[in-house]
Amino acid sequence: MDSGNGQNFCAVLTPHRSLTREGFIAVMALVIGVNLAAGTVFTLAGAWPVAGFAGLDVLLVWWAFKRNFADGRQAERIELTAHELVLQRIIGSAPLQEIRFLRHRLRVELDEDRERELIGGLFLRAGTQRAEIGKFLLQEERKSFALALRQALIQNSY
């Protein structure tokens with residue numbers, strides 16, 4: 001989260017990624033090695049169809065990681081100015097989505113169940129216009145960001 005200069009509030013929200021490209025290569029090398037060894041053992045034992053399923057395992061793991069990395073290329077940029085809040089969404093190679101909210105009508109809503117200590121979605125609302133933000137954030141991060149954005153709305157009132 002990056003706060004602006006006192007006049008504006010600006011934050012860029014991105015999903016967490018704990019596995020680097022080098023880590024991905026290491027994990028895939030391990031998966032390929034284990035499946036190659038298992039496929040070889042089963043082939044030598046006469047159960048050659050198992051080798052094909054071992055190869056299918058490698059493809060499924062590769063596809064899951066590819067999908068995960070694609071989901072990691074999303075971001076939300078939230079900028080609060082004197083008159084409006086601008087929400088920009090970057091989702092992979094899709095065109096940039098931009099939603100504008102009038103500042104004087106803007107509310108930050110966080111779905112909370114205090115009894116069970118559950119935190120749901122984080123929404124921006126201005127009249128009938130509503131957008132969910134930070135779906136990929138952890139519960140506590142959504143709560144913390146909601147507080148920071150509410151404070152920015154109050155502190156930077158003009």
# chains A, B, ... in the order shown; residues from 1 in each chain; ligands from 1
call {"tool": "residues_around", "arguments": {"residues": "Leu85 in chain A", "least_positions_apart": "5", "cutoff": "8 Å", "atoms": "only C-alpha atoms", "output": "JSON list (two decimals) with N, CA, C and O atoms, in the first residue's frame"}}
result
[["chain", "number", "residue", "atom", "x", "y", "z"],
["A", 78, "ILE", "N", -5.99, 2.18, -6.66],
["A", 78, "ILE", "CA", -7.04, 3.01, -6.09],
["A", 78, "ILE", "C", -6.45, 4.37, -5.78],
["A", 78, "ILE", "O", -5.50, 4.47, -5.00],
["A", 79, "GLU", "N", -6.99, 5.40, -6.42],
["A", 79, "GLU", "CA", -6.50, 6.76, -6.19],
["A", 79, "GLU", "C", -7.66, 7.64, -5.75],
["A", 79, "GLU", "O", -8.69, 7.71, -6.41],
["A", 80, "LEU", "N", -7.46, 8.29, -4.63],
["A", 80, "LEU", "CA", -8.46, 9.19, -4.07],
["A", 80, "LEU", "C", -7.99, 10.62, -4.28],
["A", 80, "LEU", "O", -6.91, 10.99, -3.83],
["A", 100, "ARG", "N", -15.04, 5.10, -11.78],
["A", 100, "ARG", "CA", -14.90, 6.36, -11.03],
["A", 100, "ARG", "C", -16.09, 6.53, -10.10],
["A", 100, "ARG", "O", -17.23, 6.29, -10.48],
["A", 101, "PHE", "N", -15.80, 6.95, -8.87],
["A", 101, "PHE", "CA", -16.82, 7.20, -7.86],
["A", 101, "PHE", "C", -16.71, 8.65, -7.42],
["A", 101, "PHE", "O", -15.61, 9.14, -7.17],
["A", 102, "LEU", "N", -17.84, 9.33, -7.28],
["A", 102, "LEU", "CA", -17.82, 10.68, -6.73],
["A", 102, "LEU", "C", -17.48, 10.59, -5.25],
["A", 102, "LEU", "O", -18.07, 9.82, -4.49],
["A", 103, "ARG", "N", -16.52, 11.39, -4.85],
["A", 103, "ARG", "CA", -15.99, 11.31, -3.49],
["A", 103, "ARG", "C", -17.05, 11.62, -2.43],
["A", 103, "ARG", "O", -17.12, 10.94, -1.40]]
call {"tool": "residues_around", "arguments": {"residues": "Val31 in chain A", "least_positions_apart": "2", "cutoff": "10 Å", "atoms": "only C-alpha atoms", "output": "ChimeraX atom specification"}}
result
/A:25-29,33-37,54-55,57-58,61-62
call {"tool": "residues_around", "arguments": {"residues": "Ile91 in chain A", "least_positions_apart": "5", "cutoff": "10 Å", "atoms": "only C-alpha atoms", "output": "mmCIF file with all heavy atoms, in the first residue's frame"}}
result
data_model
loop_
_atom_site.group_PDB
_atom_site.id
_atom_site.type_symbol
_atom_site.label_atom_id
_atom_site.label_comp_id
_atom_site.auth_asym_id
_atom_site.auth_seq_id
_atom_site.Cartn_x
_atom_site.Cartn_y
_atom_site.Cartn_z
ATOM 1 N N ALA A 70 -0.749 -16.728 -13.929
ATOM 2 C CA ALA A 70 -1.629 -15.823 -14.682
ATOM 3 C C ALA A 70 -2.513 -15.021 -13.729
ATOM 4 O O ALA A 70 -2.711 -13.817 -13.914
ATOM 5 C CB ALA A 70 -2.493 -16.620 -15.660
ATOM 6 N N ASP A 71 -3.026 -15.661 -12.683
ATOM 7 C CA ASP A 71 -3.838 -14.953 -11.693
ATOM 8 C C ASP A 71 -3.011 -13.919 -10.934
ATOM 9 O O ASP A 71 -3.532 -12.923 -10.456
ATOM 10 C CB ASP A 71 -4.460 -15.936 -10.699
ATOM 11 C CG ASP A 71 -5.565 -16.772 -11.310
ATOM 12 O OD1 ASP A 71 -6.050 -16.414 -12.409
ATOM 13 O OD2 ASP A 71 -5.942 -17.792 -10.703
ATOM 14 N N GLY A 72 -1.713 -14.155 -10.823
ATOM 15 C CA GLY A 72 -0.831 -13.244 -10.099
ATOM 16 C C GLY A 72 -0.528 -11.960 -10.852
ATOM 17 O O GLY A 72 0.032 -11.030 -10.294
ATOM 18 N N ARG A 73 -0.903 -11.892 -12.126
ATOM 19 C CA ARG A 73 -0.629 -10.686 -12.906
ATOM 20 C C ARG A 73 -1.773 -9.673 -12.827
ATOM 21 O O ARG A 73 -1.885 -8.818 -13.684
ATOM 22 C CB ARG A 73 -0.360 -11.051 -14.369
ATOM 23 C CG ARG A 73 0.981 -11.721 -14.571
ATOM 24 C CD ARG A 73 1.335 -11.834 -16.031
ATOM 25 N NE ARG A 73 0.397 -12.636 -16.799
ATOM 26 C CZ ARG A 73 0.524 -13.937 -17.013
ATOM 27 N NH1 ARG A 73 1.543 -14.588 -16.514
ATOM 28 N NH2 ARG A 73 -0.372 -14.584 -17.727
ATOM 29 N N GLN A 74 -2.580 -9.770 -11.807
ATOM 30 C CA GLN A 74 -3.646 -8.793 -11.646
ATOM 31 C C GLN A 74 -3.268 -7.771 -10.584
ATOM 32 O O GLN A 74 -2.442 -8.026 -9.724
ATOM 33 C CB GLN A 74 -4.965 -9.473 -11.306
ATOM 34 C CG GLN A 74 -4.982 -10.225 -9.998
ATOM 35 C CD GLN A 74 -6.304 -10.895 -9.758
ATOM 36 O OE1 GLN A 74 -7.347 -10.332 -10.028
ATOM 37 N NE2 GLN A 74 -6.268 -12.111 -9.246
ATOM 38 N N ALA A 75 -3.871 -6.604 -10.692
ATOM 39 C CA ALA A 75 -3.621 -5.535 -9.725
ATOM 40 C C ALA A 75 -4.806 -4.585 -9.717
ATOM 41 O O ALA A 75 -5.548 -4.490 -10.698
ATOM 42 C CB ALA A 75 -2.343 -4.785 -10.081
ATOM 43 N N GLU A 76 -4.972 -3.906 -8.608
ATOM 44 C CA GLU A 76 -5.988 -2.859 -8.491
ATOM 45 C C GLU A 76 -5.308 -1.602 -7.984
ATOM 46 O O GLU A 76 -4.610 -1.637 -6.969
ATOM 47 C CB GLU A 76 -7.100 -3.289 -7.533
ATOM 48 C CG GLU A 76 -7.896 -4.451 -8.043
ATOM 49 C CD GLU A 76 -8.951 -4.952 -7.060
ATOM 50 O OE1 GLU A 76 -8.853 -4.649 -5.854
ATOM 51 O OE2 GLU A 76 -9.853 -5.655 -7.514
ATOM 52 N N LEU A 96 -7.491 -2.438 -19.568
ATOM 53 C CA LEU A 96 -7.597 -1.790 -18.266
ATOM 54 C C LEU A 96 -9.053 -1.423 -17.995
ATOM 55 O O LEU A 96 -9.720 -0.837 -18.840
ATOM 56 C CB LEU A 96 -6.737 -0.524 -18.249
ATOM 57 C CG LEU A 96 -6.767 0.297 -16.973
ATOM 58 C CD1 LEU A 96 -5.941 -0.394 -15.902
ATOM 59 C CD2 LEU A 96 -6.215 1.676 -17.236
ATOM 60 N N GLN A 97 -9.546 -1.795 -16.810
ATOM 61 C CA GLN A 97 -10.898 -1.418 -16.398
ATOM 62 C C GLN A 97 -10.781 -0.223 -15.469
ATOM 63 O O GLN A 97 -9.934 -0.215 -14.579
ATOM 64 C CB GLN A 97 -11.584 -2.559 -15.654
ATOM 65 C CG GLN A 97 -11.823 -3.787 -16.455
ATOM 66 C CD GLN A 97 -12.430 -4.892 -15.590
ATOM 67 O OE1 GLN A 97 -12.658 -4.739 -14.401
ATOM 68 N NE2 GLN A 97 -12.691 -6.033 -16.210
#
call {"tool": "atom_distance", "arguments": {"atom1": "CA of Asn68 in chain A", "atom2": "CA of Arg17 in chain A"}}
result
9.0 Å
call {"tool": "select_by_dssp", "arguments": {"residues": "chain A", "states": "helix (DSSP H, G or I)", "output": "short mmCIF file (atom, residue, chain, number, x, y, z; two decimals) with N, CA, C and O atoms, in the first residue's frame"}}
result
data_model
loop_
_atom_site.label_atom_id
_atom_site.label_comp_id
_atom_site.auth_asym_id
_atom_site.auth_seq_id
_atom_site.Cartn_x
_atom_site.Cartn_y
_atom_site.Cartn_z
N ARG A 21 10.11 -17.51 -10.17
CA ARG A 21 10.28 -18.27 -11.41
C ARG A 21 11.32 -19.39 -11.19
O ARG A 21 11.14 -20.51 -11.66
N GLU A 22 12.39 -19.08 -10.46
CA GLU A 22 13.41 -20.09 -10.18
C GLU A 22 12.84 -21.21 -9.30
O GLU A 22 13.17 -22.38 -9.48
N GLY A 23 12.00 -20.84 -8.35
CA GLY A 23 11.34 -21.83 -7.51
C GLY A 23 10.43 -22.74 -8.31
O GLY A 23 10.37 -23.95 -8.09
N PHE A 24 9.72 -22.15 -9.27
CA PHE A 24 8.85 -22.92 -10.16
C PHE A 24 9.67 -23.94 -10.95
O PHE A 24 9.29 -25.11 -11.05
N ILE A 25 10.81 -23.52 -11.47
CA ILE A 25 11.66 -24.43 -12.25
C ILE A 25 12.16 -25.56 -11.36
O ILE A 25 12.17 -26.73 -11.77
N ALA A 26 12.53 -25.24 -10.13
CA ALA A 26 13.01 -26.27 -9.21
C ALA A 26 11.90 -27.26 -8.86
O ALA A 26 12.12 -28.49 -8.85
N VAL A 27 10.70 -26.77 -8.59
CA VAL A 27 9.57 -27.66 -8.26
C VAL A 27 9.23 -28.54 -9.46
O VAL A 27 9.01 -29.75 -9.31
N MET A 28 9.20 -27.95 -10.65
CA MET A 28 8.88 -28.74 -11.83
C MET A 28 9.95 -29.79 -12.10
O MET A 28 9.63 -30.92 -12.50
N ALA A 29 11.22 -29.44 -11.89
CA ALA A 29 12.29 -30.42 -12.08
C ALA A 29 12.12 -31.59 -11.10
O ALA A 29 12.30 -32.76 -11.48
N LEU A 30 11.75 -31.28 -9.87
CA LEU A 30 11.51 -32.33 -8.88
C LEU A 30 10.33 -33.21 -9.29
O LEU A 30 10.41 -34.45 -9.23
N VAL A 31 9.22 -32.59 -9.71
CA VAL A 31 8.03 -33.35 -10.12
C VAL A 31 8.36 -34.23 -11.33
O VAL A 31 7.98 -35.41 -11.37
N ILE A 32 9.08 -33.67 -12.30
CA ILE A 32 9.46 -34.45 -13.49
C ILE A 32 10.37 -35.61 -13.09
O ILE A 32 10.18 -36.75 -13.55
N GLY A 33 11.36 -35.34 -12.23
CA GLY A 33 12.28 -36.40 -11.79
C GLY A 33 11.57 -37.54 -11.07
O GLY A 33 11.80 -38.72 -11.37
N VAL A 34 10.69 -37.19 -10.14
CA VAL A 34 9.96 -38.22 -9.38
C VAL A 34 9.06 -39.02 -10.32
O VAL A 34 9.01 -40.26 -10.26
N ASN A 35 8.34 -38.34 -11.21
CA ASN A 35 7.45 -39.05 -12.12
C ASN A 35 8.22 -39.88 -13.14
O ASN A 35 7.77 -40.96 -13.53
N LEU A 36 9.37 -39.40 -13.58
CA LEU A 36 10.20 -40.17 -14.51
C LEU A 36 10.71 -41.44 -13.83
O LEU A 36 10.68 -42.53 -14.42
N ALA A 37 11.16 -41.31 -12.59
CA ALA A 37 11.65 -42.48 -11.85
C ALA A 37 10.52 -43.48 -11.61
O ALA A 37 10.69 -44.70 -11.84
N ALA A 38 9.36 -42.99 -11.20
CA ALA A 38 8.23 -43.89 -10.96
C ALA A 38 7.78 -44.54 -12.26
O ALA A 38 7.48 -45.75 -12.29
N GLY A 39 7.72 -43.77 -13.33
CA GLY A 39 7.32 -44.33 -14.63
C GLY A 39 8.29 -45.39 -15.11
O GLY A 39 7.87 -46.42 -15.66
N THR A 40 9.57 -45.17 -14.88
CA THR A 40 10.59 -46.15 -15.28
C THR A 40 10.44 -47.44 -14.49
O THR A 40 10.48 -48.55 -15.05
N VAL A 41 10.24 -47.31 -13.18
CA VAL A 41 10.06 -48.50 -12.32
C VAL A 41 8.84 -49.29 -12.77
O VAL A 41 8.90 -50.53 -12.92
N PHE A 42 7.74 -48.63 -13.00
CA PHE A 42 6.52 -49.35 -13.41
C PHE A 42 6.67 -49.95 -14.81
O PHE A 42 6.16 -51.04 -15.08
N THR A 43 7.37 -49.26 -15.70
CA THR A 43 7.58 -49.79 -17.05
C THR A 43 8.42 -51.06 -16.99
O THR A 43 8.12 -52.05 -17.66
N LEU A 44 9.49 -51.03 -16.20
CA LEU A 44 10.34 -52.21 -16.06
C LEU A 44 9.59 -53.37 -15.39
O LEU A 44 9.92 -54.54 -15.63
N PRO A 49 1.48 -48.75 -18.83
CA PRO A 49 0.51 -47.64 -18.92
C PRO A 49 0.65 -46.61 -17.79
O PRO A 49 0.26 -45.46 -17.94
N VAL A 50 1.25 -47.01 -16.68
CA VAL A 50 1.43 -46.09 -15.56
C VAL A 50 2.33 -44.92 -15.97
O VAL A 50 2.17 -43.80 -15.50
N ALA A 51 3.30 -45.17 -16.87
CA ALA A 51 4.22 -44.12 -17.32
C ALA A 51 3.44 -42.97 -17.97
O ALA A 51 3.77 -41.79 -17.79
N GLY A 52 2.39 -43.29 -18.71
CA GLY A 52 1.55 -42.25 -19.32
C GLY A 52 0.84 -41.40 -18.28
O GLY A 52 0.74 -40.17 -18.42
N PHE A 53 0.37 -42.05 -17.23
CA PHE A 53 -0.29 -41.29 -16.17
C PHE A 53 0.69 -40.43 -15.39
O PHE A 53 0.34 -39.35 -14.92
N ALA A 54 1.94 -40.90 -15.28
CA ALA A 54 2.97 -40.09 -14.63
C ALA A 54 3.22 -38.82 -15.45
O ALA A 54 3.40 -37.73 -14.90
N GLY A 55 3.23 -38.97 -16.77
CA GLY A 55 3.38 -37.80 -17.64
C GLY A 55 2.19 -36.87 -17.53
O GLY A 55 2.33 -35.64 -17.56
N LEU A 56 0.99 -37.42 -17.36
CA LEU A 56 -0.21 -36.61 -17.19
C LEU A 56 -0.12 -35.81 -15.89
O LEU A 56 -0.54 -34.65 -15.85
N ASP A 57 0.43 -36.41 -14.85
CA ASP A 57 0.64 -35.69 -13.58
C ASP A 57 1.50 -34.45 -13.80
O ASP A 57 1.20 -33.38 -13.27
N VAL A 58 2.57 -34.61 -14.55
CA VAL A 58 3.47 -33.48 -14.82
C VAL A 58 2.71 -32.37 -15.55
O VAL A 58 2.82 -31.19 -15.20
N LEU A 59 1.93 -32.74 -16.55
CA LEU A 59 1.15 -31.74 -17.30
C LEU A 59 0.14 -31.02 -16.40
O LEU A 59 -0.03 -29.80 -16.51
N LEU A 60 -0.52 -31.74 -15.52
CA LEU A 60 -1.50 -31.13 -14.63
C LEU A 60 -0.84 -30.16 -13.65
O LEU A 60 -1.37 -29.08 -13.39
N VAL A 61 0.31 -30.53 -13.10
CA VAL A 61 1.03 -29.64 -12.18
C VAL A 61 1.49 -28.40 -12.94
O VAL A 61 1.36 -27.27 -12.44
N TRP A 62 2.02 -28.57 -14.15
CA TRP A 62 2.46 -27.43 -14.96
C TRP A 62 1.29 -26.49 -15.24
O TRP A 62 1.39 -25.28 -15.11
N TRP A 63 0.12 -27.05 -15.62
CA TRP A 63 -1.06 -26.23 -15.92
C TRP A 63 -1.53 -25.46 -14.68
O TRP A 63 -1.88 -24.29 -14.77
N ALA A 64 -1.50 -26.12 -13.51
CA ALA A 64 -1.93 -25.46 -12.28
C ALA A 64 -1.02 -24.27 -11.96
O ALA A 64 -1.49 -23.19 -11.58
N PHE A 65 0.29 -24.46 -12.11
CA PHE A 65 1.22 -23.35 -11.87
C PHE A 65 1.04 -22.24 -12.90
O PHE A 65 1.09 -21.06 -12.56
N LYS A 66 0.84 -22.60 -14.15
CA LYS A 66 0.62 -21.60 -15.20
C LYS A 66 -0.60 -20.75 -14.87
O LYS A 66 -0.59 -19.52 -14.99
N ARG A 67 -1.66 -21.39 -14.45
CA ARG A 67 -2.89 -20.69 -14.07
C ARG A 67 -2.65 -19.77 -12.87
O ARG A 67 -3.12 -18.64 -12.82
N ASN A 68 -1.89 -20.26 -11.89
CA ASN A 68 -1.59 -19.48 -10.71
C ASN A 68 -0.77 -18.24 -11.06
O ASN A 68 -1.03 -17.15 -10.56
N PHE A 69 0.22 -18.39 -11.93
CA PHE A 69 1.03 -17.24 -12.34
C PHE A 69 0.19 -16.24 -13.12
O PHE A 69 0.37 -15.03 -13.00
N ALA A 70 -0.75 -16.73 -13.93
CA ALA A 70 -1.63 -15.82 -14.68
C ALA A 70 -2.51 -15.02 -13.73
O ALA A 70 -2.71 -13.82 -13.91
N ASP A 71 -3.03 -15.66 -12.68
CA ASP A 71 -3.84 -14.95 -11.69
C ASP A 71 -3.01 -13.92 -10.93
O ASP A 71 -3.53 -12.92 -10.46
N ARG A 103 -16.52 11.39 -4.85
CA ARG A 103 -15.99 11.31 -3.49
C ARG A 103 -17.05 11.62 -2.43
O ARG A 103 -17.12 10.94 -1.40
N HIS A 104 -17.86 12.61 -2.65
CA HIS A 104 -18.82 13.02 -1.61
C HIS A 104 -19.93 11.98 -1.40
O HIS A 104 -20.63 12.03 -0.41
N ARG A 105 -20.07 11.02 -2.31
CA ARG A 105 -21.08 9.97 -2.16
C ARG A 105 -20.47 8.62 -1.79
O ARG A 105 -21.17 7.65 -1.57
N GLN A 139 -8.14 -11.84 4.85
CA GLN A 139 -9.19 -11.16 5.61
C GLN A 139 -8.66 -9.96 6.38
O GLN A 139 -9.25 -8.88 6.32
N GLU A 140 -7.58 -10.14 7.10
CA GLU A 140 -7.04 -9.03 7.90
C GLU A 140 -6.53 -7.90 7.02
O GLU A 140 -6.58 -6.74 7.40
N GLU A 141 -6.02 -8.24 5.85
CA GLU A 141 -5.56 -7.20 4.92
C GLU A 141 -6.73 -6.38 4.39
O GLU A 141 -6.63 -5.16 4.25
N ARG A 142 -7.86 -7.05 4.11
CA ARG A 142 -9.06 -6.30 3.67
C ARG A 142 -9.53 -5.37 4.77
O ARG A 142 -9.88 -4.22 4.52
N LYS A 143 -9.52 -5.86 6.01
CA LYS A 143 -9.95 -5.04 7.15
C LYS A 143 -9.02 -3.85 7.33
O LYS A 143 -9.47 -2.71 7.50
N SER A 144 -7.72 -4.08 7.25
CA SER A 144 -6.74 -3.01 7.40
C SER A 144 -6.85 -1.98 6.27
O SER A 144 -6.78 -0.77 6.51
N PHE A 145 -7.04 -2.45 5.05
CA PHE A 145 -7.15 -1.53 3.92
C PHE A 145 -8.44 -0.71 4.01
O PHE A 145 -8.46 0.48 3.69
N ALA A 146 -9.53 -1.34 4.45
CA ALA A 146 -10.79 -0.61 4.62
C ALA A 146 -10.61 0.52 5.62
O ALA A 146 -11.06 1.66 5.39
N LEU A 147 -9.93 0.26 6.71
CA LEU A 147 -9.66 1.28 7.73
C LEU A 147 -8.81 2.41 7.15
O LEU A 147 -9.11 3.59 7.35
N ALA A 148 -7.76 2.06 6.42
CA ALA A 148 -6.87 3.07 5.83
C ALA A 148 -7.62 3.93 4.82
O ALA A 148 -7.45 5.17 4.80
N LEU A 149 -8.46 3.32 4.01
CA LEU A 149 -9.21 4.09 3.01
C LEU A 149 -10.25 4.98 3.67
O LEU A 149 -10.44 6.14 3.27
N ARG A 150 -10.91 4.48 4.70
CA ARG A 150 -11.88 5.32 5.44
C ARG A 150 -11.18 6.52 6.08
O ARG A 150 -11.70 7.64 6.05
N GLN A 151 -10.02 6.28 6.66
CA GLN A 151 -9.26 7.38 7.27
C GLN A 151 -8.83 8.41 6.22
O GLN A 151 -8.87 9.61 6.46
N ALA A 152 -8.44 7.94 5.05
CA ALA A 152 -8.04 8.85 3.97
C ALA A 152 -9.23 9.69 3.52
O ALA A 152 -9.08 10.88 3.23
N LEU A 153 -10.41 9.08 3.49
CA LEU A 153 -11.62 9.84 3.12
C LEU A 153 -11.92 10.95 4.13
O LEU A 153 -12.30 12.05 3.76
N ILE A 154 -11.70 10.64 5.41
CA ILE A 154 -11.96 11.64 6.47
C ILE A 154 -10.87 12.69 6.52
O ILE A 154 -11.13 13.89 6.53
N GLN A 155 -9.60 12.27 6.55
CA GLN A 155 -8.48 13.19 6.71
C GLN A 155 -8.31 14.11 5.53
O GLN A 155 -7.92 15.26 5.69
#
call {"tool": "atom_distance", "arguments": {"atom1": "CA of Arg125 in chain A", "atom2": "CA of Leu110 in chain A"}}
result
10.7 Å
call {"tool": "closest_residue", "arguments": {"among": "A:His83, A:Ala131, A:Ser18, A:Ala126", "to": "Glu98 in chain A", "atoms": "only C-alpha atoms"}}
result
A:Ala131
call {"tool": "atom_distance", "arguments": {"atom1": "CA of Thr20 in chain A", "atom2": "CA of Lys135 in chain A"}}
result
22.0 Å
call {"tool": "residues_around", "arguments": {"residues": "Arg77 in chain A", "least_positions_apart": "6", "cutoff": "7 Å", "atoms": "only C-alpha atoms", "output": "list in words"}}
result
Ala11, Val12, Leu13, Leu87, Gln88 and Arg89 of chain A
call {"tool": "write_last_selection", "arguments": {"atoms": "N, CA and C atoms", "output": "compact mmCIF listing (two decimals), in the first residue's frame"}}
result
# COMPACT_ATOMS: atom_id res chain seq x y z
N ALA A 11 -3.14 3.69 -3.66
CA ALA A 11 -2.72 2.36 -3.23
C ALA A 11 -2.80 1.41 -4.42
N VAL A 12 -1.87 0.49 -4.47
CA VAL A 12 -1.88 -0.56 -5.49
C VAL A 12 -1.96 -1.90 -4.75
N LEU A 13 -3.02 -2.64 -5.03
CA LEU A 13 -3.25 -3.93 -4.39
C LEU A 13 -2.87 -5.03 -5.38
N LEU A 87 -10.80 3.75 -9.52
CA LEU A 87 -10.41 2.36 -9.36
C LEU A 87 -10.00 1.84 -10.74
N GLN A 88 -8.75 1.40 -10.85
CA GLN A 88 -8.27 0.82 -12.10
C GLN A 88 -7.91 -0.63 -11.82
N ARG A 89 -8.43 -1.53 -12.68
CA ARG A 89 -8.15 -2.95 -12.54
C ARG A 89 -7.33 -3.44 -13.73
call {"tool": "select_by_dssp", "arguments": {"residues": "range 56-131 of chain A", "states": "strand (DSSP E or B)", "output": "ChimeraX atom specification"}}
result
/A:74-80,84-91,97-102,106-113,118-126,129-131
